[in-house]
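Below is model05.pdb, holding PDB, C-alpha atoms, pLDDT in the B column.
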```pdb
ATOM      1  CA  SER A  12      30.892   8.139  17.095  1.00 65.00           C
ATOM      2  CA  LYS A  13      28.033   9.833  15.291  1.00 75.00           C
ATOM      3  CA  PHE A  14      28.586  11.783  12.114  1.00 83.00           C
ATOM      4  CA  CYS A  15      25.259  13.337  11.079  1.00 88.00           C
ATOM      5  CA  TYR A  16      23.936  14.875   7.877  1.00 91.00           C
ATOM      6  CA  MET A  17      20.680  16.837   7.884  1.00 92.00           C
ATOM      7  CA  ASP A  18      18.903  18.123   4.784  1.00 92.00           C
ATOM      8  CA  LEU A  19      15.784  20.124   5.633  1.00 92.00           C
ATOM      9  CA  PHE A  20      14.804  20.731   2.007  1.00 92.00           C
ATOM     10  CA  ALA A  21      15.771  17.368   0.527  1.00 93.00           C
ATOM     11  CA  GLY A  22      13.614  17.471  -2.600  1.00 94.00           C
ATOM     12  CA  LYS A  23      13.495  14.377  -4.805  1.00 94.00           C
ATOM     13  CA  GLY A  24      17.151  13.461  -4.361  1.00 93.00           C
ATOM     14  CA  LYS A  25      17.634  13.244  -8.119  1.00 93.00           C
ATOM     15  CA  TYR A  26      16.667  15.417 -11.081  1.00 93.00           C
ATOM     16  CA  GLY A  27      17.044  13.540 -14.355  1.00 93.00           C
ATOM     17  CA  ASP A  28      20.672  12.438 -14.427  1.00 94.00           C
ATOM     18  CA  ASP A  29      21.707  15.072 -11.879  1.00 96.00           C
ATOM     19  CA  LEU A  30      22.046  14.060  -8.243  1.00 96.00           C
ATOM     20  CA  GLY A  31      20.584  16.266  -5.544  1.00 96.00           C
ATOM     21  CA  SER A  32      22.219  16.786  -2.165  1.00 95.00           C
ATOM     22  CA  PRO A  33      20.642  13.693  -0.513  1.00 93.00           C
ATOM     23  CA  LEU A  34      22.129  11.288  -3.055  1.00 94.00           C
ATOM     24  CA  ILE A  35      25.426  13.150  -3.203  1.00 95.00           C
ATOM     25  CA  SER A  36      25.762  12.824   0.576  1.00 93.00           C
ATOM     26  CA  LEU A  37      24.864   9.115   0.465  1.00 91.00           C
ATOM     27  CA  LYS A  38      27.455   8.406  -2.243  1.00 91.00           C
ATOM     28  CA  LEU A  39      30.404   9.927  -0.394  1.00 88.00           C
ATOM     29  CA  LYS A  40      33.475   7.712  -0.105  1.00 84.00           C
ATOM     30  CA  TYR A  41      33.195   7.942   3.688  1.00 81.00           C
ATOM     31  CA  PRO A  42      29.465   8.206   4.442  1.00 81.00           C
ATOM     32  CA  PHE A  43      27.867   9.791   7.477  1.00 87.00           C
ATOM     33  CA  THR A  44      26.509   7.472  10.180  1.00 87.00           C
ATOM     34  CA  HIS A  45      23.137   9.222  10.433  1.00 88.00           C
ATOM     35  CA  TYR A  46      21.068  10.981   7.787  1.00 91.00           C
ATOM     36  CA  ILE A  47      17.960  13.108   8.268  1.00 91.00           C
ATOM     37  CA  PHE A  48      16.070  14.054   5.116  1.00 93.00           C
ATOM     38  CA  ILE A  49      13.072  16.381   5.440  1.00 92.00           C
ATOM     39  CA  GLU A  50      10.787  17.198   2.513  1.00 93.00           C
ATOM     40  CA  GLU A  51       7.395  18.924   2.791  1.00 92.00           C
ATOM     41  CA  ASN A  52       6.045  18.183  -0.707  1.00 92.00           C
ATOM     42  CA  LYS A  53       4.409  14.729  -0.603  1.00 92.00           C
ATOM     43  CA  LYS A  54       5.148  13.917  -4.260  1.00 94.00           C
ATOM     44  CA  SER A  55       8.824  14.889  -3.902  1.00 94.00           C
ATOM     45  CA  PHE A  56       9.007  12.994  -0.594  1.00 93.00           C
ATOM     46  CA  ASP A  57       7.678   9.803  -2.196  1.00 93.00           C
ATOM     47  CA  ILE A  58      10.220  10.079  -5.030  1.00 94.00           C
ATOM     48  CA  LEU A  59      13.019  10.760  -2.529  1.00 94.00           C
ATOM     49  CA  THR A  60      12.017   7.686  -0.515  1.00 92.00           C
ATOM     50  CA  GLU A  61      12.265   5.579  -3.668  1.00 91.00           C
ATOM     51  CA  ASN A  62      15.595   7.150  -4.702  1.00 92.00           C
ATOM     52  CA  ILE A  63      17.312   6.371  -1.389  1.00 91.00           C
ATOM     53  CA  LYS A  64      16.054   2.779  -0.928  1.00 88.00           C
ATOM     54  CA  GLU A  65      19.301   1.200  -2.090  1.00 85.00           C
ATOM     55  CA  PHE A  66      21.290   3.120   0.526  1.00 86.00           C
ATOM     56  CA  HIS A  67      19.565   1.619   3.565  1.00 80.00           C
ATOM     57  CA  LYS A  68      22.057  -1.267   3.393  1.00 78.00           C
ATOM     58  CA  ILE A  69      25.312   0.703   3.404  1.00 75.00           C
ATOM     59  CA  ASN A  70      27.777   0.897   6.284  1.00 72.00           C
ATOM     60  CA  ALA A  71      29.820   3.843   7.429  1.00 68.00           C
ATOM     61  CA  LYS A  72      33.388   3.471   8.594  1.00 63.00           C
ATOM     62  CA  THR A  73      33.979   5.212  11.899  1.00 59.00           C
ATOM     63  CA  CYS A  74      37.328   5.945  13.458  1.00 53.00           C
ATOM     64  CA  ARG A  75      37.818   6.604  17.114  1.00 53.00           C
ATOM     65  CA  LYS A  76      41.357   6.868  18.312  1.00 53.00           C
ATOM     66  CA  LYS A  77      42.980   3.968  16.476  1.00 59.00           C
ATOM     67  CA  ASN A  78      39.950   1.709  16.279  1.00 64.00           C
ATOM     68  CA  GLU A  79      38.077   1.453  12.996  1.00 64.00           C
ATOM     69  CA  LYS A  80      34.734  -0.257  12.668  1.00 67.00           C
ATOM     70  CA  ASP A  81      31.852  -0.493  10.266  1.00 71.00           C
ATOM     71  CA  VAL A  82      28.503   0.683  11.595  1.00 73.00           C
ATOM     72  CA  PRO A  83      25.111   0.487   9.889  1.00 76.00           C
ATOM     73  CA  VAL A  84      24.002   3.785   8.427  1.00 79.00           C
ATOM     74  CA  GLN A  85      20.743   5.111   9.859  1.00 83.00           C
ATOM     75  CA  ILE A  86      18.505   7.034   7.471  1.00 86.00           C
ATOM     76  CA  TYR A  87      15.499   8.925   8.784  1.00 84.00           C
ATOM     77  CA  THR A  88      12.977  10.612   6.482  1.00 87.00           C
ATOM     78  CA  GLU A  89       9.978  12.751   7.313  1.00 85.00           C
ATOM     79  CA  ASN A  90       7.307  14.335   5.134  1.00 86.00           C
ATOM     80  CA  THR A  91       6.937  17.657   6.948  1.00 87.00           C
ATOM     81  CA  ASP A  92       7.744  21.359   6.819  1.00 85.00           C
ATOM     82  CA  ALA A  93      11.367  22.086   7.812  1.00 84.00           C
ATOM     83  CA  ASN A  94      10.394  24.848  10.262  1.00 82.00           C
ATOM     84  CA  LYS A  95       7.880  22.561  11.956  1.00 82.00           C
ATOM     85  CA  PHE A  96      10.485  19.797  12.212  1.00 82.00           C
ATOM     86  CA  ILE A  97      12.995  22.147  13.867  1.00 76.00           C
ATOM     87  CA  ARG A  98      10.431  23.484  16.355  1.00 80.00           C
ATOM     88  CA  GLU A  99       9.318  19.975  17.332  1.00 77.00           C
ATOM     89  CA  LYS A 100      12.748  18.407  17.628  1.00 68.00           C
TER      90      LYS A 100
END
```
Render the structure in this file as structure tokens.
Amino acid sequence: SKFCYMDLFAGKGKYGDDLGSPLISLKLKYPFTHYIFIEENKKSFDILTENIKEFHKINAKTCRKKNEKDVPVQIYTENTDANKFIREK
């Protein structure tokens, strides 16, 4: 089962002590299985990439019928314009 989260304007992921939507979504008790973070601004994208590094090792728990299993979380990032990303995908 796939449970996807897409953020087309991901920003830096963190602003001082405040978490942005990318980090909030990655810290959920039951994380998504797939994440797509898009950020056009290169500086913000580089900071976002650094802020999410620790999350590349997490697992998501998936439930299908009565079977539970841990699956590796897949995180995809792209430094592009959100409209361009949507048109191309």
ask   = Hey, can you check how far atom CA of A:Val82 sits from atom CA of A:Asp18?
value = 21.0 Å
query = What lies within 10 Å of A:Phe66 using only C-alpha atoms, ignoring chain neighbours under 4 positions off, as a list of chain:residue names?
reply =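 Here the answer would be A:Leu34, A:Leu37, A:Lys38, A:Asn62, A:Asn70, A:Val84, A:Gln85, A:Ile86.
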Written selection (C-alpha atoms) as an mmCIF file, in the frame of the given file:
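Dumped everything to again12.cif:
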```
data_model
loop_
_atom_site.group_PDB
_atom_site.id
_atom_site.type_symbol
_atom_site.label_atom_id
_atom_site.label_comp_id
_atom_site.auth_asym_id
_atom_site.auth_seq_id
_atom_site.Cartn_x
_atom_site.Cartn_y
_atom_site.Cartn_z
ATOM 1 C CA LEU A 34 22.129 11.288 -3.055
ATOM 2 C CA LEU A 37 24.864 9.115 0.465
ATOM 3 C CA LYS A 38 27.455 8.406 -2.243
ATOM 4 C CA ASN A 62 15.595 7.150 -4.702
ATOM 5 C CA ASN A 70 27.777 0.897 6.284
ATOM 6 C CA VAL A 84 24.002 3.785 8.427
ATOM 7 C CA GLN A 85 20.743 5.111 9.859
ATOM 8 C CA ILE A 86 18.505 7.034 7.471
#
```
task = Step by step: start from the point (22.1, 5.6, 1.1) in the file's coordinates, keep every protein, DNA or RNA residue that has an atom no farther than 12 Å from it, count all atoms listed in the file, and write the set as a VMD selection string.
result = chain A and resid 16 24 32 to 48 59 to 71 83 to 88
request  = Would you work out the distance separating atom CA of A:Phe96 from atom CA of A:Lys54, expressed in Å to one decimal?
outcome  = 18.3 Å
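With atom CA of A:Phe56 on one side and atom CA of A:Cys15 on the other, the separation reads 20.0 Å.
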query = For A:Ser55, which residue out of A:Asn94, A:Gly31, A:Phe14, A:Glu99 is the nearest one, using all atoms listed in the file?
reply = A:Gly31
request  = Name the closest residue to A:Ile58 among the candidates A:Tyr26, A:Arg98, A:Leu19, A:Ala93; distances are taken between atoms, counting only C-alpha atoms.
outcome  = A:Tyr26
request  = Would you please work out which residue, of A:Ile97, A:Asn90, A:Asp81, A:Asp28, is nearest to A:Asp57 when using all atoms listed in the file?
outcome  =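 Once distances to A:Asp57 are computed over all atoms listed in the file, the minimum belongs to A:Asn90.
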Can I get stretch 31-64 of chain A with N, CA and C atoms filled in, as a PDB file, keeping the file's coordinate frame?
```pdb
ATOM      1  N   GLY A  31      20.822  15.214  -6.522  1.00 96.00           N
ATOM      2  CA  GLY A  31      20.584  16.266  -5.544  1.00 96.00           C
ATOM      3  C   GLY A  31      21.419  15.989  -4.297  1.00 96.00           C
ATOM      4  N   SER A  32      21.382  16.903  -3.360  1.00 95.00           N
ATOM      5  CA  SER A  32      22.219  16.786  -2.165  1.00 95.00           C
ATOM      6  C   SER A  32      22.000  15.498  -1.369  1.00 95.00           C
ATOM      7  N   PRO A  33      20.772  14.947  -1.252  1.00 93.00           N
ATOM      8  CA  PRO A  33      20.642  13.693  -0.513  1.00 93.00           C
ATOM      9  C   PRO A  33      21.465  12.549  -1.109  1.00 93.00           C
ATOM     10  N   LEU A  34      21.379  12.376  -2.423  1.00 94.00           N
ATOM     11  CA  LEU A  34      22.129  11.288  -3.055  1.00 94.00           C
ATOM     12  C   LEU A  34      23.621  11.561  -3.082  1.00 94.00           C
ATOM     13  N   ILE A  35      24.000  12.816  -3.257  1.00 95.00           N
ATOM     14  CA  ILE A  35      25.426  13.150  -3.203  1.00 95.00           C
ATOM     15  C   ILE A  35      25.988  12.772  -1.836  1.00 95.00           C
ATOM     16  N   SER A  36      25.273  13.119  -0.778  1.00 93.00           N
ATOM     17  CA  SER A  36      25.762  12.824   0.576  1.00 93.00           C
ATOM     18  C   SER A  36      25.816  11.312   0.830  1.00 93.00           C
ATOM     19  N   LEU A  37      24.887  10.561   0.272  1.00 91.00           N
ATOM     20  CA  LEU A  37      24.864   9.115   0.465  1.00 91.00           C
ATOM     21  C   LEU A  37      25.926   8.388  -0.353  1.00 91.00           C
ATOM     22  N   LYS A  38      26.451   9.034  -1.384  1.00 91.00           N
ATOM     23  CA  LYS A  38      27.455   8.406  -2.243  1.00 91.00           C
ATOM     24  C   LYS A  38      28.884   8.810  -1.884  1.00 91.00           C
ATOM     25  N   LEU A  39      29.056   9.532  -0.799  1.00 88.00           N
ATOM     26  CA  LEU A  39      30.404   9.927  -0.394  1.00 88.00           C
ATOM     27  C   LEU A  39      31.269   8.698  -0.114  1.00 88.00           C
ATOM     28  N   LYS A  40      32.551   8.818  -0.357  1.00 84.00           N
ATOM     29  CA  LYS A  40      33.475   7.712  -0.105  1.00 84.00           C
ATOM     30  C   LYS A  40      33.404   7.274   1.360  1.00 84.00           C
ATOM     31  N   TYR A  41      33.329   8.224   2.266  1.00 81.00           N
ATOM     32  CA  TYR A  41      33.195   7.942   3.688  1.00 81.00           C
ATOM     33  C   TYR A  41      31.858   8.513   4.145  1.00 81.00           C
ATOM     34  N   PRO A  42      30.799   7.689   4.145  1.00 81.00           N
ATOM     35  CA  PRO A  42      29.465   8.206   4.442  1.00 81.00           C
ATOM     36  C   PRO A  42      29.273   8.611   5.894  1.00 81.00           C
ATOM     37  N   PHE A  43      28.270   9.424   6.124  1.00 87.00           N
ATOM     38  CA  PHE A  43      27.867   9.791   7.477  1.00 87.00           C
ATOM     39  C   PHE A  43      27.270   8.559   8.151  1.00 87.00           C
ATOM     40  N   THR A  44      27.142   8.584   9.468  1.00 87.00           N
ATOM     41  CA  THR A  44      26.509   7.472  10.180  1.00 87.00           C
ATOM     42  C   THR A  44      25.012   7.674  10.307  1.00 87.00           C
ATOM     43  N   HIS A  45      24.554   8.908  10.284  1.00 88.00           N
ATOM     44  CA  HIS A  45      23.137   9.222  10.433  1.00 88.00           C
ATOM     45  C   HIS A  45      22.735  10.277   9.401  1.00 88.00           C
ATOM     46  N   TYR A  46      21.612  10.049   8.768  1.00 91.00           N
ATOM     47  CA  TYR A  46      21.068  10.981   7.787  1.00 91.00           C
ATOM     48  C   TYR A  46      19.648  11.359   8.192  1.00 91.00           C
ATOM     49  N   ILE A  47      19.321  12.624   8.052  1.00 91.00           N
ATOM     50  CA  ILE A  47      17.960  13.108   8.268  1.00 91.00           C
ATOM     51  C   ILE A  47      17.565  13.890   7.023  1.00 91.00           C
ATOM     52  N   PHE A  48      16.566  13.398   6.321  1.00 93.00           N
ATOM     53  CA  PHE A  48      16.070  14.054   5.116  1.00 93.00           C
ATOM     54  C   PHE A  48      14.631  14.503   5.360  1.00 93.00           C
ATOM     55  N   ILE A  49      14.390  15.800   5.228  1.00 92.00           N
ATOM     56  CA  ILE A  49      13.072  16.381   5.440  1.00 92.00           C
ATOM     57  C   ILE A  49      12.593  16.972   4.116  1.00 92.00           C
ATOM     58  N   GLU A  50      11.383  16.637   3.727  1.00 93.00           N
ATOM     59  CA  GLU A  50      10.787  17.198   2.513  1.00 93.00           C
ATOM     60  C   GLU A  50       9.295  17.380   2.754  1.00 93.00           C
ATOM     61  N   GLU A  51       8.807  18.594   2.545  1.00 92.00           N
ATOM     62  CA  GLU A  51       7.395  18.924   2.791  1.00 92.00           C
ATOM     63  C   GLU A  51       6.472  18.429   1.688  1.00 92.00           C
ATOM     64  N   ASN A  52       6.890  18.549   0.429  1.00 92.00           N
ATOM     65  CA  ASN A  52       6.045  18.183  -0.707  1.00 92.00           C
ATOM     66  C   ASN A  52       5.896  16.660  -0.773  1.00 92.00           C
ATOM     67  N   LYS A  53       4.665  16.172  -0.667  1.00 92.00           N
ATOM     68  CA  LYS A  53       4.409  14.729  -0.603  1.00 92.00           C
ATOM     69  C   LYS A  53       4.913  14.001  -1.843  1.00 92.00           C
ATOM     70  N   LYS A  54       4.695  14.566  -3.021  1.00 94.00           N
ATOM     71  CA  LYS A  54       5.148  13.917  -4.260  1.00 94.00           C
ATOM     72  C   LYS A  54       6.677  13.816  -4.284  1.00 94.00           C
ATOM     73  N   SER A  55       7.357  14.906  -3.948  1.00 94.00           N
ATOM     74  CA  SER A  55       8.824  14.889  -3.902  1.00 94.00           C
ATOM     75  C   SER A  55       9.325  13.927  -2.828  1.00 94.00           C
ATOM     76  N   PHE A  56       8.633  13.889  -1.685  1.00 93.00           N
ATOM     77  CA  PHE A  56       9.007  12.994  -0.594  1.00 93.00           C
ATOM     78  C   PHE A  56       8.920  11.525  -1.030  1.00 93.00           C
ATOM     79  N   ASP A  57       7.846  11.180  -1.726  1.00 93.00           N
ATOM     80  CA  ASP A  57       7.678   9.803  -2.196  1.00 93.00           C
ATOM     81  C   ASP A  57       8.775   9.416  -3.180  1.00 93.00           C
ATOM     82  N   ILE A  58       9.143  10.338  -4.067  1.00 94.00           N
ATOM     83  CA  ILE A  58      10.220  10.079  -5.030  1.00 94.00           C
ATOM     84  C   ILE A  58      11.553   9.960  -4.299  1.00 94.00           C
ATOM     85  N   LEU A  59      11.797  10.830  -3.329  1.00 94.00           N
ATOM     86  CA  LEU A  59      13.019  10.760  -2.529  1.00 94.00           C
ATOM     87  C   LEU A  59      13.125   9.404  -1.831  1.00 94.00           C
ATOM     88  N   THR A  60      12.027   8.968  -1.219  1.00 92.00           N
ATOM     89  CA  THR A  60      12.017   7.686  -0.515  1.00 92.00           C
ATOM     90  C   THR A  60      12.409   6.547  -1.455  1.00 92.00           C
ATOM     91  N   GLU A  61      11.915   6.593  -2.665  1.00 91.00           N
ATOM     92  CA  GLU A  61      12.265   5.579  -3.668  1.00 91.00           C
ATOM     93  C   GLU A  61      13.739   5.696  -4.070  1.00 91.00           C
ATOM     94  N   ASN A  62      14.217   6.932  -4.251  1.00 92.00           N
ATOM     95  CA  ASN A  62      15.595   7.150  -4.702  1.00 92.00           C
ATOM     96  C   ASN A  62      16.646   6.735  -3.682  1.00 92.00           C
ATOM     97  N   ILE A  63      16.308   6.709  -2.404  1.00 91.00           N
ATOM     98  CA  ILE A  63      17.312   6.371  -1.389  1.00 91.00           C
ATOM     99  C   ILE A  63      17.202   4.927  -0.883  1.00 91.00           C
ATOM    100  N   LYS A  64      16.260   4.160  -1.400  1.00 88.00           N
ATOM    101  CA  LYS A  64      16.054   2.779  -0.928  1.00 88.00           C
ATOM    102  C   LYS A  64      17.337   1.958  -0.914  1.00 88.00           C
TER     103      LYS A  64
END
```
